[in-house]
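Asks: Questions regarding the structure given below will be posed in turn.
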Amino acid sequence: MSVPALEVRGLVKHYPGVKALDGVDLVVRQHEVLGLAGENGAGKSTLLKALVGLVTPDAGEIYVRGEPVRLRSVVEAAGHGIGMVFQEQSLVPNLTAAENIVLGSEGAAVRRGLYRWDTMRRLAQEQLDKIGSHIDPLARTDSLSFADRQMVEIAKVLRIEQRSQHPPVVILDEPTSVLESKEIETLFAQIRRLREFASVIFVSHRLDEVLDVCDRVAVLRGGQSVGEVTTEGAVPRELHRMMIGSTGSDDHYHENAAVAVSSEQPRLSVRGLSGATFKDIDLDVAAGEIVGIVGVHGSGREDVCRALFGAEPTTAGEVRMDGKRIDLTSTRAACAAGIGYVPAERKTEGMVGPMSVADNMTLTKQKARCTGPFVAPGKQAGLVDRWIERLSIRTPGRDTAIGRLSGGNQQKVVLARWLVGGDIRLLLLDHPTRGLDIGARSEVYRLMRELAATGVATVLLADSLEEAIGMADRILVMTDGRVATEVACPNGGKPSPLDLVKEMV
Amino acid sequence: MTNEVVAAPRRSSRRGASFRDAGPPVALVVIFAVFAALSPQFRSVENVQNIVDAAAVLAVVTCGITFVLMMGSIDLSAAGVMGASALTVSLLVANNRNDNDFGLLGILVAVLLGCAFGCLSGLALVLLKVPSFMATLGVSAVGLGVATLMFAGVQPNITDAMLESWAVERFLGFSYLTWIAVACIVVGWLIQRYTRLGRYAFAIGGAEEVLTLSGVKVKPYKVAVFTLAGAFYGLGGVMVTSQLGAGLVQAGDGYDFSAITAAVVGGTLLTGGRGGILHSAVGVVLVMVLTNGLVQVGVSPYWQGGVEGLIVVAAVAAAVIPQRRRNQVVK
């Protein structure tokens, strides 16, 4: 067998208080698509960053085609033929596609600081031709669709061939998270083409995708390599188990903890709610009940959820909490009525990244941490520590900036924000498990069950149909801004995803 | 089959002007038409010449500030740098205070001094990590201090024939200063379009992080952009000296704010990554037409400052509102 394109031996990286990588071994063969699986915090992103020179490992070696290398910057990594398509799309939106493709390695396109647009266009076209894309190289990047931008990113990464004489290693970090299913298929076709002349490392949260497109999957757990799976004939569940480390409970959604719902008086009662993107929404949620709302993109379900929190204007309709009518013109009114909202965009809407865990947790319920108009540090500390313990939030301390926690722990803090006041009656969860790994998801589900058991009503916009079916007691299907139908979803009588899809389109 | 990747070619919006880019020029035409209809005085040839000539210095200063704004930084140093440059040039060309008579060389030194001040702002930003707002405010104060030292209580009146002629002599109906401004706009546009410096300034405003991840060292470009801007301010100070016939500490008074106004009105976003030299040129003319037009139709000049302020706020609001909807988060 030929020498591996890339090999990692015993890679170690410490961060204060955390061992991100604890002796990782990894082999990427030539012309292979290698999947990399692991929960959040398993060390995937640290490993990838080490491979492109953004992180300097404390110990261990990296070999490129058998030669030991030190990678101290993106440029050095590119010199060895390693390039990465980053998770958050990393193109400059206000430049042309061509400029993005050659960015940092303009070569003949820029002479003495002067641009040669024709040369640049030609160089970019060469790259786009390699992947068979028909994008206009001189189009502004922000005028392109997500899928096209991804193609531009791949074309850009392939520029590393110019710096190294060898077949490149292309790393794709969560490339599918922003794509629609059709675009994902196109991307997969691209990946299979890449294999002809490159090696690929593919990372995704969706294990079915990993199994679909990869030849082999390496699994990381707690900063260590725990094994690998040849994808031929493998099933997602096997991978799950390797990632979590135990065989795991099959009761992923904690259905055993589901509570019986009394339907006498609904906690939340919505009648004829209308807004810009939805019309005549009727919705009842009883105390302790979890109601899922499903629908395709553009069904208006996100806006209904925001409207219930007073964050989206409504034109008609009435909302009652425990029979009392509430006025949803501001989020403040919703908070006062005991409504909590966990937004889908955690990083921009759900939390204040540089602020501490404690401050994030008490952001809404200022009273809980204050004596009179003043913050009482002792009071806040006690309260926050109690919730950190209760939700087993893994953080170095309450004063750590929330942005430094893993996604799952961030989400727990966001949830805790609504719990510290002790007056929560209705939770609106907009994709609460988006971007979380399986372990963290499971904990969020458990938390939802616990809250339901205390009588909190929940409206859930699930990340997937499976999640909606697993968690909800009842599911509303929305199409084109209206409630199309309602499906009962009791334990033991769950509908199949197919039943729901039929109603959604 | 495998090679057929579906992607429709998108020709519609390549490079070209978007709806938003069309706003300021359309506004310029409309406002000009309104004033022209209201006031025969306004639409006279002499008045149009006046407007354009009066715009010259502002245009040069705005060229400089545009590069900084495109990058997403801000520059408040124009007034101080212009003061220092005005005193420098007036003491180096023929004047009543000393025996110097360096002519063009003196002008060059004044422009280079502007570069030095710009470089200082840039270095404070990237090395000391002082936000550009504070760094340039400080540099402006330093510039005024340097100017005051050179002024030393006695106003230097220039006697240099060439520099004096810039403000007086005309070519094709416009003063030499105006042609200098036109040259600056052309040079600025070329820099923006055809140099790495210009494109990177634009890119830094768009997504600085991406440049870093692509292996581009951003800091030297930031310093270079501030240095370039300083050169424009230095030249602006020289031009004011030509107009006044003397070197004054206050040569740049108000230009810092007016230049930001003009750039923003022209469509350059304070958040960076959008706009450019030509936008700013339109903005400069727009601001000058407004101030001139208001006077011509009988509005007291005392109102001008306030009106200018309102225009900035309105222009920023108009630029930001469509974005607010899309991003839902605006600070």
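Identifiers in this document derive from the order of the structure tokens: chains are assigned A, B, ..., residues are numbered from 1 separately in each chain, and ligands are numbered from 1 in order of occurrence.
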Counting only C-alpha atoms, a student should be able to say which residues of chain A come within 8 Å of chain B; what is the right answer, written as a PyMOL selection string?

Replies: chain A and resi 73-75+90-96+103-104+110+113-116+132-136+138-140+143-144+148+186+189+348-349

Asks: Go ahead and save the residues from that selection, with N, CA and C atoms, as a compact mmCIF listing (two decimals), in the first residue's frame.

Replies:
# COMPACT_ATOMS: atom_id res chain seq x y z
N SER A 73 1.25 27.85 10.21
CA SER A 73 0.29 28.82 9.69
C SER A 73 -0.49 28.18 8.56
N VAL A 74 -1.57 28.81 8.19
CA VAL A 74 -2.37 28.32 7.08
C VAL A 74 -1.53 28.23 5.81
N VAL A 75 -0.64 29.21 5.67
CA VAL A 75 0.19 29.23 4.47
C VAL A 75 1.12 28.02 4.44
N SER A 90 -16.21 30.88 4.66
CA SER A 90 -15.12 31.82 4.82
C SER A 90 -14.75 32.45 3.49
N LEU A 91 -15.69 33.20 2.95
CA LEU A 91 -15.42 33.97 1.75
C LEU A 91 -15.65 35.43 2.10
N VAL A 92 -14.93 36.31 1.43
CA VAL A 92 -15.17 37.74 1.62
C VAL A 92 -16.37 38.11 0.75
N PRO A 93 -17.49 38.50 1.36
CA PRO A 93 -18.73 38.63 0.60
C PRO A 93 -18.69 39.74 -0.45
N ASN A 94 -17.91 40.79 -0.19
CA ASN A 94 -17.96 41.92 -1.11
C ASN A 94 -16.85 41.89 -2.16
N LEU A 95 -16.17 40.78 -2.26
CA LEU A 95 -15.21 40.62 -3.36
C LEU A 95 -15.82 39.70 -4.42
N THR A 96 -15.20 39.68 -5.59
CA THR A 96 -15.67 38.75 -6.62
C THR A 96 -15.26 37.33 -6.27
N LEU A 103 -7.36 34.43 -3.28
CA LEU A 103 -6.97 35.22 -2.12
C LEU A 103 -5.80 34.58 -1.37
N GLY A 104 -4.77 35.36 -1.14
CA GLY A 104 -3.63 34.87 -0.38
C GLY A 104 -2.63 34.12 -1.24
N VAL A 110 -1.54 39.32 -9.46
CA VAL A 110 -1.16 40.60 -8.89
C VAL A 110 0.35 40.76 -9.05
N GLY A 113 1.77 44.60 -6.56
CA GLY A 113 0.62 45.22 -5.91
C GLY A 113 -0.47 45.66 -6.86
N LEU A 114 -0.26 45.46 -8.16
CA LEU A 114 -1.28 45.88 -9.13
C LEU A 114 -2.07 44.67 -9.62
N TYR A 115 -3.37 44.87 -9.70
CA TYR A 115 -4.24 43.77 -10.13
C TYR A 115 -4.20 43.61 -11.64
N ARG A 116 -4.21 42.33 -12.06
CA ARG A 116 -4.44 42.05 -13.48
C ARG A 116 -5.71 41.23 -13.54
N GLY A 132 -15.88 21.63 -12.35
CA GLY A 132 -17.01 21.66 -13.28
C GLY A 132 -18.09 22.64 -12.91
N SER A 133 -17.70 23.77 -12.34
CA SER A 133 -18.71 24.74 -11.93
C SER A 133 -18.82 25.84 -12.98
N HIS A 134 -20.02 26.34 -13.17
CA HIS A 134 -20.25 27.36 -14.19
C HIS A 134 -20.42 28.75 -13.61
N ILE A 135 -19.97 28.95 -12.39
CA ILE A 135 -20.12 30.26 -11.77
C ILE A 135 -19.27 31.29 -12.52
N ASP A 136 -19.81 32.48 -12.68
CA ASP A 136 -19.06 33.57 -13.30
C ASP A 136 -17.99 34.04 -12.31
N LEU A 138 -16.34 36.63 -12.08
CA LEU A 138 -16.37 38.05 -11.70
C LEU A 138 -17.67 38.43 -11.01
N ALA A 139 -18.48 37.44 -10.66
CA ALA A 139 -19.69 37.73 -9.89
C ALA A 139 -19.30 38.07 -8.46
N ARG A 140 -20.01 39.04 -7.87
CA ARG A 140 -19.75 39.32 -6.46
C ARG A 140 -20.20 38.13 -5.63
N SER A 143 -23.65 37.75 -4.19
CA SER A 143 -24.79 37.56 -5.08
C SER A 143 -24.98 36.09 -5.42
N LEU A 144 -24.13 35.22 -4.90
CA LEU A 144 -24.21 33.79 -5.20
C LEU A 144 -25.05 33.07 -4.15
N ASP A 148 -23.50 27.71 -4.44
CA ASP A 148 -22.45 28.22 -5.34
C ASP A 148 -21.25 28.69 -4.54
N THR A 186 -25.33 17.69 -4.68
CA THR A 186 -24.33 18.26 -5.58
C THR A 186 -22.96 18.25 -4.92
N ALA A 189 -21.48 14.85 -4.91
CA ALA A 189 -20.93 14.52 -6.23
C ALA A 189 -19.54 15.14 -6.37
N THR A 348 -25.96 34.58 17.92
CA THR A 348 -26.27 36.00 17.72
C THR A 348 -27.46 36.45 18.54
N GLU A 349 -28.41 35.54 18.82
CA GLU A 349 -29.62 35.98 19.50
C GLU A 349 -29.78 35.37 20.89

Asks: Among region 183-427 of chain A, which residues does DSSP mark as helix (DSSP H, G or I) when it is run on the backbone? Keep the chain and numbering as in the structure and answer as a ChimeraX atom specification.

Replies: /A:183-197,207-213,236-244,255-257,301-308,331-336,346-350,357-361,366-369,377-390,402-404,407-419

Asks: Name the residues in contact with Val33 (chain A) at a cut-off of 7 Å, using only C-alpha atoms, excluding same-chain residues fewer than 2 positions from it; report them as JSON, numbers by chain.

Replies: {"A": [31, 35, 195, 199, 200, 201, 202, 214, 215, 216]}

Asks: Where does DSSP see strand (DSSP E) in region 61-303 of chain B, if you list the residues as a list of chain:residue names?

Replies: B:Arg170, B:Phe171, B:Phe174, B:Ser175

Asks: Using N, CA and C atoms, can you write the selected residues to a file as a compact mmCIF listing (two decimals), in the first residue's frame?

Replies:
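selection_26.txt written:
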# COMPACT_ATOMS: atom_id res chain seq x y z
N ARG B 170 -7.52 79.50 -13.55
CA ARG B 170 -8.55 78.56 -13.99
C ARG B 170 -8.15 77.87 -15.27
N PHE B 171 -8.63 76.64 -15.39
CA PHE B 171 -8.42 75.87 -16.61
C PHE B 171 -9.78 75.28 -16.97
N PHE B 174 -12.58 75.89 -14.41
CA PHE B 174 -12.47 75.47 -13.02
C PHE B 174 -11.07 75.77 -12.49
N SER B 175 -10.98 76.00 -11.19
CA SER B 175 -9.69 76.35 -10.61
C SER B 175 -8.74 75.14 -10.66

Asks: Considering only C-alpha atoms, give me a table of residues in region 31-120 of chain B that are at most 8 Å from region 133-143 of chain B, with the closest atom pair and distance in Å for each, as CSV.

Replies:
residue,atom,partner,partner_atom,distance
B:Ser73,CA,B:Phe133,CA,7.5
B:Ile74,CA,B:Phe133,CA,5.7
B:Asp75,CA,B:Thr136,CA,5.5
B:Leu76,CA,B:Thr136,CA,5.2
B:Ser77,CA,B:Ser140,CA,4.1
B:Ala78,CA,B:Ser140,CA,6.7
B:Ala79,CA,B:Ser140,CA,6.3
B:Gly80,CA,B:Ser140,CA,4.0
B:Val81,CA,B:Gly143,CA,5.0
B:Met82,CA,B:Gly143,CA,7.8
B:Gly83,CA,B:Gly143,CA,6.6
B:Ala84,CA,B:Gly143,CA,5.3
B:Phe117,CA,B:Val139,CA,6.8
B:Leu120,CA,B:Val139,CA,7.4

Asks: Store the residues picked out above, limited to N, CA and C atoms, as a PDB file, in the first residue's frame.

Replies:
ATOM      1  N   SER B  73     -12.889  50.952   9.584  1.00  0.00           N
ATOM      2  CA  SER B  73     -12.339  51.795  10.645  1.00  0.00           C
ATOM      3  C   SER B  73     -12.893  53.203  10.480  1.00  0.00           C
ATOM      4  N   ILE B  74     -12.506  54.082  11.385  1.00  0.00           N
ATOM      5  CA  ILE B  74     -12.916  55.467  11.232  1.00  0.00           C
ATOM      6  C   ILE B  74     -11.689  56.342  11.428  1.00  0.00           C
ATOM      7  N   ASP B  75     -11.712  57.523  10.835  1.00  0.00           N
ATOM      8  CA  ASP B  75     -10.544  58.395  10.902  1.00  0.00           C
ATOM      9  C   ASP B  75     -10.989  59.807  11.246  1.00  0.00           C
ATOM     10  N   LEU B  76     -10.606  60.258  12.423  1.00  0.00           N
ATOM     11  CA  LEU B  76     -10.965  61.608  12.857  1.00  0.00           C
ATOM     12  C   LEU B  76      -9.739  62.514  12.859  1.00  0.00           C
ATOM     13  N   SER B  77      -8.679  62.090  12.185  1.00  0.00           N
ATOM     14  CA  SER B  77      -7.433  62.834  12.296  1.00  0.00           C
ATOM     15  C   SER B  77      -7.296  63.919  11.235  1.00  0.00           C
ATOM     16  N   ALA B  78      -8.252  64.003  10.283  1.00  0.00           N
ATOM     17  CA  ALA B  78      -8.081  64.902   9.138  1.00  0.00           C
ATOM     18  C   ALA B  78      -7.775  66.335   9.590  1.00  0.00           C
ATOM     19  N   ALA B  79      -8.552  66.862  10.539  1.00  0.00           N
ATOM     20  CA  ALA B  79      -8.391  68.265  10.913  1.00  0.00           C
ATOM     21  C   ALA B  79      -6.983  68.541  11.433  1.00  0.00           C
ATOM     22  N   GLY B  80      -6.494  67.688  12.314  1.00  0.00           N
ATOM     23  CA  GLY B  80      -5.166  67.893  12.884  1.00  0.00           C
ATOM     24  C   GLY B  80      -4.073  67.749  11.842  1.00  0.00           C
ATOM     25  N   VAL B  81      -4.186  66.712  11.012  1.00  0.00           N
ATOM     26  CA  VAL B  81      -3.165  66.477   9.997  1.00  0.00           C
ATOM     27  C   VAL B  81      -3.128  67.648   9.013  1.00  0.00           C
ATOM     28  N   MET B  82      -4.316  68.141   8.652  1.00  0.00           N
ATOM     29  CA  MET B  82      -4.366  69.255   7.702  1.00  0.00           C
ATOM     30  C   MET B  82      -3.733  70.513   8.304  1.00  0.00           C
ATOM     31  N   GLY B  83      -3.967  70.742   9.590  1.00  0.00           N
ATOM     32  CA  GLY B  83      -3.367  71.899  10.255  1.00  0.00           C
ATOM     33  C   GLY B  83      -1.845  71.813  10.207  1.00  0.00           C
ATOM     34  N   ALA B  84      -1.315  70.639  10.580  1.00  0.00           N
ATOM     35  CA  ALA B  84       0.141  70.472  10.582  1.00  0.00           C
ATOM     36  C   ALA B  84       0.705  70.636   9.175  1.00  0.00           C
ATOM     37  N   PHE B 117       1.691  61.013   9.766  1.00  0.00           N
ATOM     38  CA  PHE B 117       0.607  61.030  10.763  1.00  0.00           C
ATOM     39  C   PHE B 117      -0.336  59.847  10.554  1.00  0.00           C
ATOM     40  N   LEU B 120       1.183  56.801  11.813  1.00  0.00           N
ATOM     41  CA  LEU B 120       1.109  56.787  13.276  1.00  0.00           C
ATOM     42  C   LEU B 120      -0.250  56.244  13.741  1.00  0.00           C
TER      43      LEU B 120
END
